[in-house]
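The structure under discussion appears below in the form of structure tokens.
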Amino acid sequence: MGEEQDVTGAGRLWGGRFTSGPDAAAWALGVSTGFDRHLWRQDLAGSRAHTHELHRIGVLTADERDGLLAALDRCGGLFAADAFPFLPTDEDVHGAIERWLVEELGSLGGKLRAGRSRNDQIASDLRLWCRDACDDLVGLVGELQQAFVAQAEAHLGWHAPGYTHLQRGQPVLLSHHLLAYVWMLDRDAGRLRDARARLDESTLASGALAGQTLGLDPQAYADHLGFARVAPNSMDAVASRDFALEVLAACAILAVTLSRLGEEIVLWATSEFAFARVGDAFSTGSSIMPQKRNPDIAELVRGKAGRVIGDLVALLTTVKALPLTYDRDLQEDKEPVFDAVGTLRLVLPAITGTVASLTFDRERLAAASVGGFALATDLAEELVTRGVPFREAHEVVGEVVKLAESRGVDLDGLDPDELASLHPALDTEVAARFDPQQAIDRRDGVNGTATASVRAQLGRARAAAAANRTVGAGPVVAGDDAHP
Ligand code: ARG
């Protein structure tokens, strides 16, 4: 504290109007190369587009343009080899690259800054990064959906208890439960796709905030960088981070979906439930209890949700009440985005492998699916088909359950005469209502758990997974190397 950092000389992007360099503590707070270096690909892509535009408007000769493009390629080679020579005097990745270009090319390197600002550069860089990140995450979600589709397909016909309040409610097909995740994940992928479509705007040629005077064409940047359109207002372009908030919100909701999955796997793997066993490759032992087989991966997936939610809240809080346009607070936009996306890049393949590794216990699931008077609703609905008002049927079946409970049996263990004594409609044919397979197959709406319905649903789920997987396999325009 109190000491001056020596940041005078060729390395700085600014300083002409200052007589001394910044305080060391001030410098340390402002330096962002530790994290914004992950934007090198996007920054170089923007600089290439800018080089072409500067040539088009006559600021660069063809030779100068080619010299700059070649140097930008060499610069990219250094970054790709993790050999870019950052200096302590580099404030951010934009400044570092310009400093390096000046070292390489002399005064030509200094020509690239004409007509642009780090404000429009960073707005562009982060949008490019988010665009690829969204595609990547959508693809990873598609892989997880596919793991569910495969499990649902392999277990078609298996019974499982369906829960509300974590109390057994009604029997379902295990596949119906598994496919529920495919649709939850499909909306998560949809949110990422929506965010990506909305952020697909070029911000270069916004200058610091008001646009630029040199005749640069904003549309040319959009064309070079493959943006769908130009941001219509330069002030909005440099000031807004709602695009990053949207990506973070989509990440946070996805992380919450995954936390519910993680929790269910943890429950299923307990000896109390014992519905499923997690594969060895996704289980861990205990350092002290030799018998332990812990679902650590599912627990970590559940736990990571807190972190991703934190990333969203952090950036929401930073952007709240910021006056237009660019404020330095916005430098805080990058780390939460990198962290949330990086976390999900770790989490998604791990949980996909965990789901694929699950082996289910058919007998445990089947026994639980009929336990707890799970067919009581079916019995009440049977009475309804015999003209009993549902209100009355609900009451009568409640009494049937009370009687069975007092006898220590399930519904099918009751004496037919005793049943008939509770209500005239409870004749011997209602016994047909005690079959879980029938209970399942009667729910044959397009959204239901009937075998035929679930088989049809499986086809739609497979198509949804395939569509998202294709996005992930798509070409990465600008690329990135951020894996925090
Ligand atoms: N490192 C800065 C950021 O990430 C780049 C923009 C700096 N602009 C400025 N006027 N200081 O936000």
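Here, A, B, ... name the chains of the structure tokens in the order displayed, residue numbers run from 1 inside each chain, and ligands are numbered from 1 in the same displayed order.
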
Could you tell me, as a PyMOL selection string, which residues of segment 64-222 of chain A DSSP assigns to helix (DSSP H, G or I) when given the backbone? chain A and resi 64-80+93-113+118-154+174-199+218-222

Glu405 of chain A: which residues within 10 Å, counting only C-alpha atoms, same-chain residues fewer than 5 positions away excluded, as a PyMOL selection string? chain A and resi 372-373+399-400+410-411

Enumerate as an NGL selection string the residues within 12 Å of ligand 1, counting only C-alpha atoms and all ligand atoms. :A and (13-14 or 29-39 or 43 or 90-96 or 116-126 or 207-209 or 238-241 or 325-335)

Closest-contact table, segment 193-217 of chain A side, partner segment 225-232 of chain A, 12 Å, counting only C-alpha atoms, as a tab-separated table:
```
residue	atom	partner	partner_atom	distance
A:Arg196	CA	A:Ala228	CA	10.5
A:Ala197	CA	A:Ala228	CA	8.3
A:Arg198	CA	A:Ala228	CA	9.4
A:Leu199	CA	A:Phe227	CA	9.0
A:Asp200	CA	A:Phe227	CA	5.4
A:Glu201	CA	A:Arg229	CA	5.0
A:Ser202	CA	A:Val230	CA	4.6
A:Thr203	CA	A:Ala231	CA	5.7
A:Leu204	CA	A:Val230	CA	8.6
A:Ala205	CA	A:Val230	CA	9.7
A:Ser206	CA	A:Ala231	CA	8.9
A:Ala210	CA	A:Pro232	CA	11.7
A:Gly211	CA	A:Pro232	CA	10.8
A:Asp217	CA	A:Val230	CA	10.0
```

Separation of atom CA of Ser175 of chain A and atom CA of Gly371 of chain A, in Å?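 It comes out at 19.1 Å.
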
Of the listed residues A:Gly46, A:Gly310, A:Pro389, A:Gly67, that which approaches Leu248 of chain A most closely, counting only C-alpha atoms: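 Closest residue, counting only C-alpha atoms: A:Gly310.
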
Just how far from atom CA of Ala274 of chain A is atom CA of Ala356 of chain A, in Å to one decimal?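 If I compute the distance from atom CA of Ala356 of chain A to atom CA of Ala274 of chain A, I get 17.1 Å.
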
Expressed in Å to a single decimal, how great is the separation between atom CA of Arg364 of chain A and atom CA of Ala350 of chain A?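 Separation between atom CA of Arg364 of chain A and atom CA of Ala350 of chain A: 26.2 Å.
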
List as a compact mmCIF listing (two decimals) with C-alpha atoms, in the first residue's frame the protein and nucleic acid residues near Gly262 of chain A, meaning an atom at most 12 Å away when only C-alpha atoms are counted, but skip any in the same chain fewer than 2 places from it.
```txt
# COMPACT_ATOMS: atom_id res chain seq x y z
CA TYR A 181 -36.02 -35.44 -16.35
CA ALA A 255 -28.05 -26.47 -11.72
CA VAL A 256 -31.21 -26.60 -9.62
CA THR A 257 -32.69 -29.27 -11.91
CA LEU A 258 -29.48 -31.26 -11.51
CA SER A 259 -29.61 -30.84 -7.73
CA ARG A 260 -33.04 -32.51 -7.67
CA GLU A 264 -33.04 -38.52 -5.97
CA ILE A 265 -30.01 -40.61 -6.81
CA VAL A 266 -28.76 -40.19 -3.25
CA LEU A 267 -32.15 -41.35 -1.94
CA TRP A 268 -32.43 -44.27 -4.34
CA ALA A 269 -28.96 -45.47 -3.34
CA VAL A 278 -24.62 -46.27 -8.58
CA PRO A 295 -22.82 -41.49 -3.98
CA ASP A 296 -20.35 -38.58 -3.78
CA ILE A 297 -20.80 -37.54 -7.38
CA ALA A 298 -24.56 -37.14 -7.00
CA GLU A 299 -23.95 -35.24 -3.76
CA LEU A 300 -21.43 -32.91 -5.41
CA VAL A 301 -23.87 -32.26 -8.24
CA ARG A 302 -26.51 -31.40 -5.65
CA GLY A 303 -24.03 -29.17 -3.81
CA LYS A 304 -22.79 -27.26 -6.84
CA ALA A 305 -26.20 -25.64 -7.28
CA VAL A 347 -21.06 -31.42 -13.55
CA LEU A 348 -22.96 -32.46 -16.67
CA ALA A 350 -20.25 -36.56 -14.39
CA ILE A 351 -23.98 -36.80 -13.76
CA THR A 352 -24.53 -38.20 -17.25
CA THR A 354 -23.78 -41.51 -13.06
CA VAL A 355 -27.23 -41.86 -14.64
```

Apply DSSP to the structure's backbone, then extract all residues of segment 10-197 of chain A labelled strand (DSSP E) and return them as a PyMOL selection string. chain A and resi 159-164+167-173

Ranking A:Met289, A:Gly157, A:His165, A:Asn294 by minimum distance to Ser453 of chain A and counting only C-alpha atoms, which one comes first?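 Of the candidates, the smallest distance to Ser453 of chain A is held by A:Gly157.
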
Do a neighbour search on Pro85 of chain A at 9 Å with only C-alpha atoms, toss out local chain neighbours closer than 4 positions, and write the hits as a VMD selection string. chain A and resid 78 to 79 96 100

With only C-alpha atoms as the basis for distance, which of A:Asn468, A:Ser47, A:Gln145, A:Thr428 is at the shortest distance from Ala114 of chain A?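 Among A:Asn468, A:Ser47, A:Gln145, A:Thr428, it is A:Ser47 that comes nearest to Ala114 of chain A.
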
Counting only C-alpha atoms, which residue out of A:Val308, A:Ala189, A:Leu178, A:Ala222 sits closest to Ala467 of chain A? A:Ala189

Can you pull out the residues contacting Val446 of chain A? Cut-off 12 Å, using only C-alpha atoms, and skip same-chain residues under 4 positions away; I want them as a list in words.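 Here the qualifying residues turn out to be His176, Asp441, Arg442, Ala450, Thr451, Ala452, Ser453, Val454, Arg455, Ala456, Gln457, Leu458 and Arg460 of chain A.
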
I'd like to know which of A:Thr51, A:Gln170, A:Ser271, A:Thr284 is closest to Ser369 of chain A, using only C-alpha atoms.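 Residue with the minimum atom-to-atom distance to Ser369 of chain A: A:Gln170.
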
Give the answer as one residue: which of A:Gly110, A:Gly15, A:Gly306, A:Gly353 has the shortest atom-to-atom distance to Val59 of chain A, using only C-alpha atoms?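 Ranking A:Gly110, A:Gly15, A:Gly306, A:Gly353 by distance to Val59 of chain A, first place goes to A:Gly110.
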